[in-house]
Amino acid sequence: MSLLLKHMKSRQWLQAAACAVLVTVQVWLDLKLPDYMSEITMLVQTPGSPMSSIWSAGGSMLLCAFGSLIAAFVVGFLAAQMAADMARRLRNALYDKVESFSMTEIGRFSTASLITRSTNDITQIQMLIAMGLQVMIKAPVMSVWAICKIAGKTWQWSLATGSAVFALVAIAAVLLSFALPKFRIVQSQTDRLNSVTRENLTGVRVVRAYNAELYQQEKFEKINRDLTDTNLFISRMMAIMQPGMQAIMNGLTLSIYWIGAVIISRAAMGQRLGLFSDMIVYTSYAMQVVMSFMLLIMIFIILPRAMVSARRINEVLDTRPLIADGGLVRLPPASGRVEFRQVSFRYPDAAEYVLHDVSFEARPGETVAFIGSTGCGKSTAVNLIPRFYDATEGEILIDGINVKDYKLRDLHDKIGYVPQRAVLFKGTIASNISFGDSGDPDPAEIAAAARIAQASDFVEKLEDQYDSAVSQGGTNLSGGQRQRLSIARAVYRGPEIFIFDDAFSALDYKTDRALRSELKKHTAGATTFIVAQRIGTIRDADRIIVLHEGNVAGIGRHENLLKTCGVYREIARSQLTEEELGYE
């Protein structure tokens, strides 16, 4: 928990100090009430006491109660404000940290877990601050002050109070020993519940198409039942505690009165009034002591789960991304030349290499294509250029500088990236095409990018055209439309390097041909990388790199590879006719 306190600012520390002062005032006012009660009791029992004295003591008692109420209200307000502000800071810190993560870190935590940590875990911390700040200050102050008030009174009453406190702590310790291990389980089960829910909602079309609703329902029901059973176990433990505490408090009151009755009956007549008054006051103070320990136990109920959440949050905040900014300050003259020098790569904790000793050079204005069987490392190779992962061995250079030396922002500014799965964001078509443009997007450039990507034909038929709404993930558009808008986004960026990672797979042959023709004109001075499964998409590339099980099986143009590369020839035979092959 202490690691999270570094996120508190000076304003929050001042608020915490104000809360401490106000809680102390509140406790002082609460503990003044029994004194006035004792005074009123003495006045009522003493013959000839003036009514004005009783009214004065009663008025003072009301003022103390009202002052305590005001102090409690202000403390609650400040604590809630601190908790909300702390939660906001933690969410910002967590979001910023996740934004800096590479694919390795995101894979390590999982998307569902990161969502849980950003929501449920931070809520636990917020609840602890909102409730705990008041209780953690109030309970110790009240218990110590109340004990000082009753110190030196009849030892029998002190023994009864001590026994009640011991019984209270013992019950809480036993119950919490069973409940504490379950708090970590609850958070991990919440992760799993989010994961199953997210998976089901994301793949709802496939689930329905395969009549798998019952299977998914059973899958969800199992984890939901596990989470429910764990929460019920904790709730039952806590439910036992409440009546136990109430029984102890009632038993303590009964013990004090029973002991008091015995002591008063044995005392001389002149001492009985004082002893009766002491009993009334002692009962109030004893209740305050027991209440203090009850408040502390309430914190011990909330604290373990919040501590688990704090550890989970700190796990993310303390994670150092494997991919960090380089130290390059002055950028070289921009050209877009890319060179792979004996690059090998394997995923973290994997035994096998995905890429082995890949070397080639791509010059400005050239189109370099990757082709090969599924899983041969095509996408991995192009994902090393923007540093989604770092090469395990060898180096990748852009304009003669190792990509690891670039600041990530400078590196990404050089690249227009179109992933395998077209990703669109909630907003408009225009905002998606100009995505990442921090300036004022130019409508003419947006329309030009859409025309090059062959997206203008369907966009301009829409009622609002480029202001038409795009739902989250682009679910209100077809796969081909999403892909063309993703390509338009890269074109609008006007980068030195284009990366099309199987970005033409959802397009028909006519659109594919027209799009590549327009791209060739627009990207004449840029370096272009294309990952594709269809030979028709890449046959005009300046250089085709054939990958087979992570190794380079051949590099050259289409015509040369048909003659020299057996792997490429097999792929070509599976897609082209004998006349299109034209080598036999």
# chains A, B, ... in the order shown; residues from 1 in each chain; ligands from 1
call {"tool": "residues_around", "arguments": {"residues": "region 156-161 of chain A", "least_positions_apart": "4", "cutoff": "7 Å", "atoms": "only C-alpha atoms", "output": "NGL selection string"}}
result
:A and (165 or 252 or 255-256 or 286)
call {"tool": "residues_around", "arguments": {"residues": "Glu549 (chain A)", "least_positions_apart": "5", "cutoff": "9 Å", "atoms": "only C-alpha atoms", "output": "JSON, numbers by chain"}}
result
{"A": [354, 355, 356, 372, 373, 375, 376, 377]}
call {"tool": "closest_atom_pairs", "arguments": {"of": "region 486-555 of chain A", "to": "region 418-435 of chain A", "cutoff": "9 Å", "atoms": "only C-alpha atoms", "output": "tab-separated table"}}
result
residue	atom	partner	partner_atom	distance
A:Ser486	CA	A:Ala422	CA	6.0
A:Ile487	CA	A:Val418	CA	6.1
A:Ala488	CA	A:Ile433	CA	5.9
A:Arg489	CA	A:Ile433	CA	4.2
A:Ala490	CA	A:Val418	CA	6.7
A:Val491	CA	A:Ile433	CA	8.7
A:Tyr492	CA	A:Ser434	CA	6.6
A:Arg493	CA	A:Ser434	CA	7.5
A:Phe498	CA	A:Val418	CA	8.1
A:Ile499	CA	A:Val418	CA	6.1
A:Phe500	CA	A:Val418	CA	5.0
A:Asp501	CA	A:Pro419	CA	5.1
A:Asp502	CA	A:Gln420	CA	5.2
A:Ala503	CA	A:Gln420	CA	5.5
A:Phe504	CA	A:Gln420	CA	8.7
A:Ser505	CA	A:Gln420	CA	8.4
A:Val531	CA	A:Gln420	CA	9.0
call {"tool": "write_last_selection", "arguments": {"atoms": "C-alpha atoms", "output": "tab-separated table (two decimals), in the first residue's frame"}}
result
chain	number	residue	atom	x	y	z
A	486	SER	CA	-7.26	1.23	-42.50
A	487	ILE	CA	-5.23	1.61	-45.68
A	488	ALA	CA	-6.56	5.16	-46.14
A	489	ARG	CA	-5.36	5.95	-42.60
A	490	ALA	CA	-1.81	4.89	-43.52
A	491	VAL	CA	-1.94	6.84	-46.81
A	492	TYR	CA	-3.17	10.00	-45.05
A	493	ARG	CA	-0.19	9.82	-42.71
A	498	PHE	CA	4.50	1.63	-45.53
A	499	ILE	CA	3.78	-1.74	-43.90
A	500	PHE	CA	0.80	-3.70	-45.23
A	501	ASP	CA	0.49	-6.82	-43.10
A	502	ASP	CA	-1.83	-8.99	-45.18
A	503	ALA	CA	-3.92	-5.84	-45.61
A	504	PHE	CA	-5.51	-6.82	-48.95
A	505	SER	CA	-6.95	-10.20	-47.94
A	531	VAL	CA	2.82	-9.37	-46.38
call {"tool": "residues_around", "arguments": {"residues": "Arg312 (chain A)", "least_positions_apart": "4", "cutoff": "8 Å", "atoms": "only C-alpha atoms", "output": "PDB file with all heavy atoms, in the first residue's frame"}}
result
ATOM      1  N   ARG A 117      -7.743  -4.706 -13.383  1.00  0.00           N
ATOM      2  CA  ARG A 117      -6.850  -3.896 -12.537  1.00  0.00           C
ATOM      3  C   ARG A 117      -7.178  -2.413 -12.666  1.00  0.00           C
ATOM      4  O   ARG A 117      -7.012  -1.647 -11.705  1.00  0.00           O
ATOM      5  CB  ARG A 117      -5.396  -4.160 -12.919  1.00  0.00           C
ATOM      6  CG  ARG A 117      -4.928  -5.580 -12.579  1.00  0.00           C
ATOM      7  CD  ARG A 117      -3.573  -5.882 -13.193  1.00  0.00           C
ATOM      8  NE  ARG A 117      -3.338  -7.310 -13.312  1.00  0.00           N
ATOM      9  CZ  ARG A 117      -2.377  -7.990 -12.689  1.00  0.00           C
ATOM     10  NH1 ARG A 117      -1.554  -7.352 -11.880  1.00  0.00           N
ATOM     11  NH2 ARG A 117      -2.237  -9.278 -12.861  1.00  0.00           N
ATOM     12  N   ASP A 121      -9.883  -3.300  -9.199  1.00  0.00           N
ATOM     13  CA  ASP A 121      -8.804  -3.168  -8.213  1.00  0.00           C
ATOM     14  C   ASP A 121      -8.687  -1.732  -7.709  1.00  0.00           C
ATOM     15  O   ASP A 121      -8.475  -1.497  -6.514  1.00  0.00           O
ATOM     16  CB  ASP A 121      -7.478  -3.635  -8.810  1.00  0.00           C
ATOM     17  CG  ASP A 121      -7.392  -5.155  -8.897  1.00  0.00           C
ATOM     18  OD1 ASP A 121      -7.885  -5.817  -7.983  1.00  0.00           O
ATOM     19  OD2 ASP A 121      -6.831  -5.678  -9.868  1.00  0.00           O
ATOM     20  N   VAL A 308      -4.372  -6.773  -1.733  1.00  0.00           N
ATOM     21  CA  VAL A 308      -4.234  -7.621  -2.926  1.00  0.00           C
ATOM     22  C   VAL A 308      -4.347  -6.769  -4.187  1.00  0.00           C
ATOM     23  O   VAL A 308      -3.549  -6.889  -5.119  1.00  0.00           O
ATOM     24  CB  VAL A 308      -5.308  -8.742  -2.925  1.00  0.00           C
ATOM     25  CG1 VAL A 308      -5.322  -9.467  -4.261  1.00  0.00           C
ATOM     26  CG2 VAL A 308      -5.050  -9.727  -1.796  1.00  0.00           C
ATOM     27  N   VAL A 316       1.720  -3.864 -12.310  1.00  0.00           N
ATOM     28  CA  VAL A 316       1.693  -3.195 -13.614  1.00  0.00           C
ATOM     29  C   VAL A 316       2.579  -1.946 -13.591  1.00  0.00           C
ATOM     30  O   VAL A 316       3.404  -1.738 -14.485  1.00  0.00           O
ATOM     31  CB  VAL A 316       0.245  -2.809 -13.997  1.00  0.00           C
ATOM     32  CG1 VAL A 316       0.215  -2.064 -15.328  1.00  0.00           C
ATOM     33  CG2 VAL A 316      -0.635  -4.052 -14.084  1.00  0.00           C
TER      34      VAL A 316
END
call {"tool": "closest_residue", "arguments": {"among": "A:Arg192, A:Lys461, A:Lys404, A:Arg88", "to": "Phe109 (chain A)", "atoms": "only C-alpha atoms"}}
result
A:Arg192
call {"tool": "select_by_dssp", "arguments": {"residues": "region 185-413 of chain A", "states": "strand (DSSP E)", "output": "PDB file with C-alpha atoms, in the first residue's frame"}}
result
ATOM      1  CA  VAL A 338      15.476  -0.253 -44.284  1.00  0.00           C
ATOM      2  CA  GLU A 339      18.088  -2.928 -43.727  1.00  0.00           C
ATOM      3  CA  PHE A 340      17.875  -6.258 -41.904  1.00  0.00           C
ATOM      4  CA  ARG A 341      21.278  -7.542 -40.777  1.00  0.00           C
ATOM      5  CA  GLN A 342      21.285 -11.219 -39.747  1.00  0.00           C
ATOM      6  CA  VAL A 343      18.045 -10.802 -37.811  1.00  0.00           C
ATOM      7  CA  SER A 344      16.785 -13.696 -35.702  1.00  0.00           C
ATOM      8  CA  PHE A 345      13.808 -13.628 -33.366  1.00  0.00           C
ATOM      9  CA  LEU A 355      13.028 -16.089 -37.705  1.00  0.00           C
ATOM     10  CA  HIS A 356      16.571 -17.240 -38.515  1.00  0.00           C
ATOM     11  CA  ASP A 357      19.336 -15.040 -39.909  1.00  0.00           C
ATOM     12  CA  VAL A 358      17.201 -12.797 -42.157  1.00  0.00           C
ATOM     13  CA  SER A 359      19.211 -10.232 -44.159  1.00  0.00           C
ATOM     14  CA  PHE A 360      18.078  -7.870 -46.932  1.00  0.00           C
ATOM     15  CA  GLU A 361      17.911  -4.187 -47.835  1.00  0.00           C
ATOM     16  CA  ALA A 362      14.892  -2.169 -48.975  1.00  0.00           C
ATOM     17  CA  THR A 367       8.270  -2.597 -52.769  1.00  0.00           C
ATOM     18  CA  VAL A 368       9.415  -5.588 -50.745  1.00  0.00           C
ATOM     19  CA  ALA A 369       6.952  -8.450 -50.299  1.00  0.00           C
ATOM     20  CA  PHE A 370       6.943 -11.406 -47.912  1.00  0.00           C
ATOM     21  CA  ILE A 371       5.259 -14.678 -48.757  1.00  0.00           C
ATOM     22  CA  GLY A 372       5.299 -18.177 -47.326  1.00  0.00           C
ATOM     23  CA  GLU A 393      19.778 -11.263 -32.576  1.00  0.00           C
ATOM     24  CA  GLY A 394      21.056  -9.015 -35.329  1.00  0.00           C
ATOM     25  CA  GLU A 395      19.863  -5.476 -36.015  1.00  0.00           C
ATOM     26  CA  ILE A 396      17.370  -3.537 -38.104  1.00  0.00           C
ATOM     27  CA  LEU A 397      18.416  -0.169 -39.477  1.00  0.00           C
ATOM     28  CA  ILE A 398      16.313   2.699 -40.823  1.00  0.00           C
ATOM     29  CA  ILE A 401      20.397   3.982 -37.676  1.00  0.00           C
ATOM     30  CA  ASN A 402      19.446   0.993 -35.523  1.00  0.00           C
TER      31      ASN A 402
END
call {"tool": "atom_distance", "arguments": {"atom1": "CA of Thr111 (chain A)", "atom2": "CA of Gln216 (chain A)"}}
result
19.4 Å
call {"tool": "closest_residue", "arguments": {"among": "A:Gly132, A:Pro50, A:Pro321, A:Gly554", "to": "Tyr568 (chain A)", "atoms": "only C-alpha atoms"}}
result
A:Gly554
call {"tool": "residues_around", "arguments": {"residues": "Arg387 (chain A)", "least_positions_apart": "5", "cutoff": "10 Å", "atoms": "only C-alpha atoms", "output": "count of residues only"}}
result
11
call {"tool": "closest_atom_pairs", "arguments": {"of": "region 97-166 of chain A", "to": "region 11-20 of chain A", "cutoff": "8 Å", "atoms": "only C-alpha atoms", "output": "tab-separated table"}}
result
residue	atom	partner	partner_atom	distance
A:Leu133	CA	A:Ala16	CA	7.8
A:Gln134	CA	A:Cys19	CA	7.3
A:Ile137	CA	A:Ala20	CA	6.3
call {"tool": "write_last_selection", "arguments": {"atoms": "C-alpha atoms", "output": "tab-separated table (two decimals), in the first residue's frame"}}
result
chain	number	residue	atom	x	y	z
A	133	LEU	CA	-8.95	7.27	6.33
A	134	GLN	CA	-11.64	8.13	8.87
A	137	ILE	CA	-7.36	7.76	12.50
call {"tool": "residues_around", "arguments": {"residues": "Gly494 (chain A)", "least_positions_apart": "4", "cutoff": "9 Å", "atoms": "only C-alpha atoms", "output": "compact mmCIF listing (two decimals) with N, CA, C and O atoms, in the first residue's frame"}}
result
# COMPACT_ATOMS: atom_id res chain seq x y z
N LYS A 414 7.61 7.68 -38.82
CA LYS A 414 8.15 7.32 -40.14
C LYS A 414 7.33 6.23 -40.83
O LYS A 414 7.55 5.93 -42.00
N ILE A 415 6.40 5.61 -40.08
CA ILE A 415 5.77 4.38 -40.56
C ILE A 415 4.26 4.54 -40.69
O ILE A 415 3.60 5.11 -39.81
N GLY A 416 3.72 4.04 -41.79
CA GLY A 416 2.27 3.89 -41.95
C GLY A 416 1.96 2.41 -41.89
O GLY A 416 2.35 1.66 -42.78
N ALA A 490 -3.26 4.92 -43.30
CA ALA A 490 -1.81 4.89 -43.52
C ALA A 490 -1.42 5.87 -44.63
O ALA A 490 -0.40 6.55 -44.54
N PHE A 498 5.83 2.22 -45.64
CA PHE A 498 4.50 1.63 -45.53
C PHE A 498 4.66 0.16 -45.18
O PHE A 498 5.52 -0.53 -45.74
N THR A 523 2.92 6.09 -53.49
CA THR A 523 4.05 5.72 -52.64
C THR A 523 5.33 5.58 -53.44
O THR A 523 6.24 4.85 -53.04
N ALA A 526 8.36 6.16 -51.35
CA ALA A 526 8.40 5.51 -50.04
C ALA A 526 8.82 4.05 -50.16
O ALA A 526 8.74 3.45 -51.24
call {"tool": "residues_around", "arguments": {"residues": "region 55-66 of chain A", "least_positions_apart": "2", "cutoff": "9 Å", "atoms": "only C-alpha atoms", "output": "list in words"}}
result
Gln26, Trp28, Leu29, Asp30, Lys32, Leu33, Pro34, Asp35, Tyr36, Met37, Glu39, Ile40, Met51, Ser52, Ser53, Ser68, Leu69, Ile70 and Ala71 of chain A
call {"tool": "atom_distance", "arguments": {"atom1": "CA of Tyr509 (chain A)", "atom2": "CA of Ser574 (chain A)"}}
result
16.8 Å
call {"tool": "closest_residue", "arguments": {"among": "A:Ser478, A:Ser335, A:Asn200, A:Thr253", "to": "Gly525 (chain A)", "atoms": "only C-alpha atoms"}}
result
A:Ser335
call {"tool": "closest_residue", "arguments": {"among": "A:Thr392, A:Gln81, A:Ser284, A:Ser468", "to": "Thr380 (chain A)", "atoms": "only C-alpha atoms"}}
result
A:Thr392
call {"tool": "closest_residue", "arguments": {"among": "A:Ser456, A:Val329, A:Ala84, A:Ser265", "to": "Ile129 (chain A)", "atoms": "only C-alpha atoms"}}
result
A:Ala84
call {"tool": "closest_atom_pairs", "arguments": {"of": "region 158-225 of chain A", "to": "region 290-306 of chain A", "cutoff": "7 Å", "atoms": "only C-alpha atoms", "output": "tab-separated table"}}
result
residue	atom	partner	partner_atom	distance
A:Val165	CA	A:Val290	CA	6.2
A:Ala172	CA	A:Ile297	CA	6.8
A:Leu180	CA	A:Pro304	CA	6.4
A:Phe183	CA	A:Arg305	CA	5.2
call {"tool": "write_last_selection", "arguments": {"atoms": "N, CA and C atoms", "output": "CSV table (one decimal), in the first residue's frame"}}
result
chain,number,residue,atom,x,y,z
A,165,VAL,N,-12.8,-7.0,24.8
A,165,VAL,CA,-11.9,-6.6,23.7
A,165,VAL,C,-11.2,-7.9,23.3
A,172,ALA,N,-12.5,-12.1,15.5
A,172,ALA,CA,-12.0,-11.5,14.3
A,172,ALA,C,-10.8,-12.2,13.7
A,180,LEU,N,-9.1,-14.4,4.6
A,180,LEU,CA,-8.0,-13.6,3.9
A,180,LEU,C,-7.5,-14.3,2.7
A,183,PHE,N,-9.3,-13.6,-0.7
A,183,PHE,CA,-9.4,-12.3,-1.3
A,183,PHE,C,-8.6,-12.3,-2.6
call {"tool": "atom_distance", "arguments": {"atom1": "CA of Ala553 (chain A)", "atom2": "CA of Pro364 (chain A)"}}
result
23.9 Å
call {"tool": "residues_around", "arguments": {"residues": "Ile571 (chain A)", "least_positions_apart": "6", "cutoff": "12 Å", "atoms": "only C-alpha atoms", "output": "PyMOL selection string"}}
result
chain A and resi 371-374+532-536+546-548+558+561-562+565+577+581
call {"tool": "write_last_selection", "arguments": {"atoms": "N, CA and C atoms", "output": "PDB file, in the first residue's frame"}}
result
ATOM      1  N   ILE A 371       6.241 -13.628 -48.504  1.00  0.00           N
ATOM      2  CA  ILE A 371       5.259 -14.678 -48.757  1.00  0.00           C
ATOM      3  C   ILE A 371       5.795 -15.978 -48.185  1.00  0.00           C
ATOM      4  N   GLY A 372       4.908 -16.888 -47.881  1.00  0.00           N
ATOM      5  CA  GLY A 372       5.299 -18.177 -47.326  1.00  0.00           C
ATOM      6  C   GLY A 372       4.102 -18.824 -46.664  1.00  0.00           C
ATOM      7  N   SER A 373       4.316 -19.998 -46.148  1.00  0.00           N
ATOM      8  CA  SER A 373       3.221 -20.731 -45.519  1.00  0.00           C
ATOM      9  C   SER A 373       2.823 -20.056 -44.208  1.00  0.00           C
ATOM     10  N   THR A 374       1.652 -20.441 -43.711  1.00  0.00           N
ATOM     11  CA  THR A 374       1.169 -19.881 -42.445  1.00  0.00           C
ATOM     12  C   THR A 374       2.140 -20.223 -41.316  1.00  0.00           C
ATOM     13  N   ALA A 532       1.643 -10.957 -47.769  1.00  0.00           N
ATOM     14  CA  ALA A 532       0.462 -11.425 -48.504  1.00  0.00           C
ATOM     15  C   ALA A 532       0.486 -12.936 -48.643  1.00  0.00           C
ATOM     16  N   GLN A 533      -0.706 -13.491 -48.881  1.00  0.00           N
ATOM     17  CA  GLN A 533      -0.852 -14.914 -49.182  1.00  0.00           C
ATOM     18  C   GLN A 533      -1.055 -15.136 -50.680  1.00  0.00           C
ATOM     19  N   ARG A 534      -1.560 -14.077 -51.361  1.00  0.00           N
ATOM     20  CA  ARG A 534      -1.876 -14.207 -52.786  1.00  0.00           C
ATOM     21  C   ARG A 534      -0.709 -13.700 -53.620  1.00  0.00           C
ATOM     22  N   ILE A 535      -0.276 -14.518 -54.544  1.00  0.00           N
ATOM     23  CA  ILE A 535       0.825 -14.121 -55.424  1.00  0.00           C
ATOM     24  C   ILE A 535       0.402 -12.968 -56.320  1.00  0.00           C
ATOM     25  N   GLY A 536      -0.889 -12.928 -56.672  1.00  0.00           N
ATOM     26  CA  GLY A 536      -1.367 -11.837 -57.519  1.00  0.00           C
ATOM     27  C   GLY A 536      -1.155 -10.474 -56.876  1.00  0.00           C
ATOM     28  N   VAL A 546      10.871 -14.978 -49.789  1.00  0.00           N
ATOM     29  CA  VAL A 546      10.133 -16.209 -49.511  1.00  0.00           C
ATOM     30  C   VAL A 546      10.651 -16.793 -48.203  1.00  0.00           C
ATOM     31  N   LEU A 547       9.756 -16.948 -47.235  1.00  0.00           N
ATOM     32  CA  LEU A 547      10.129 -17.509 -45.941  1.00  0.00           C
ATOM     33  C   LEU A 547       9.587 -18.922 -45.808  1.00  0.00           C
ATOM     34  N   HIS A 548      10.413 -19.777 -45.239  1.00  0.00           N
ATOM     35  CA  HIS A 548       9.995 -21.160 -45.000  1.00  0.00           C
ATOM     36  C   HIS A 548      10.539 -21.590 -43.640  1.00  0.00           C
ATOM     37  N   HIS A 558       9.432 -11.994 -59.159  1.00  0.00           N
ATOM     38  CA  HIS A 558       8.507 -13.101 -59.400  1.00  0.00           C
ATOM     39  C   HIS A 558       9.070 -14.082 -60.435  1.00  0.00           C
ATOM     40  N   LEU A 561      12.140 -16.087 -59.126  1.00  0.00           N
ATOM     41  CA  LEU A 561      11.817 -17.044 -58.071  1.00  0.00           C
ATOM     42  C   LEU A 561      11.104 -18.276 -58.619  1.00  0.00           C
ATOM     43  N   LEU A 562      10.334 -18.093 -59.686  1.00  0.00           N
ATOM     44  CA  LEU A 562       9.684 -19.248 -60.310  1.00  0.00           C
ATOM     45  C   LEU A 562      10.715 -20.257 -60.814  1.00  0.00           C
ATOM     46  N   CYS A 565      13.415 -20.890 -56.921  1.00  0.00           N
ATOM     47  CA  CYS A 565      12.942 -21.190 -55.549  1.00  0.00           C
ATOM     48  C   CYS A 565      11.804 -22.201 -55.574  1.00  0.00           C
ATOM     49  N   THR A 577      -2.549 -20.512 -63.005  1.00  0.00           N
ATOM     50  CA  THR A 577      -2.687 -21.501 -64.074  1.00  0.00           C
ATOM     51  C   THR A 577      -1.337 -21.683 -64.759  1.00  0.00           C
ATOM     52  N   LEU A 581       1.726 -19.089 -65.105  1.00  0.00           N
ATOM     53  CA  LEU A 581       3.088 -19.395 -64.653  1.00  0.00           C
ATOM     54  C   LEU A 581       4.091 -19.059 -65.748  1.00  0.00           C
TER      55      LEU A 581
END
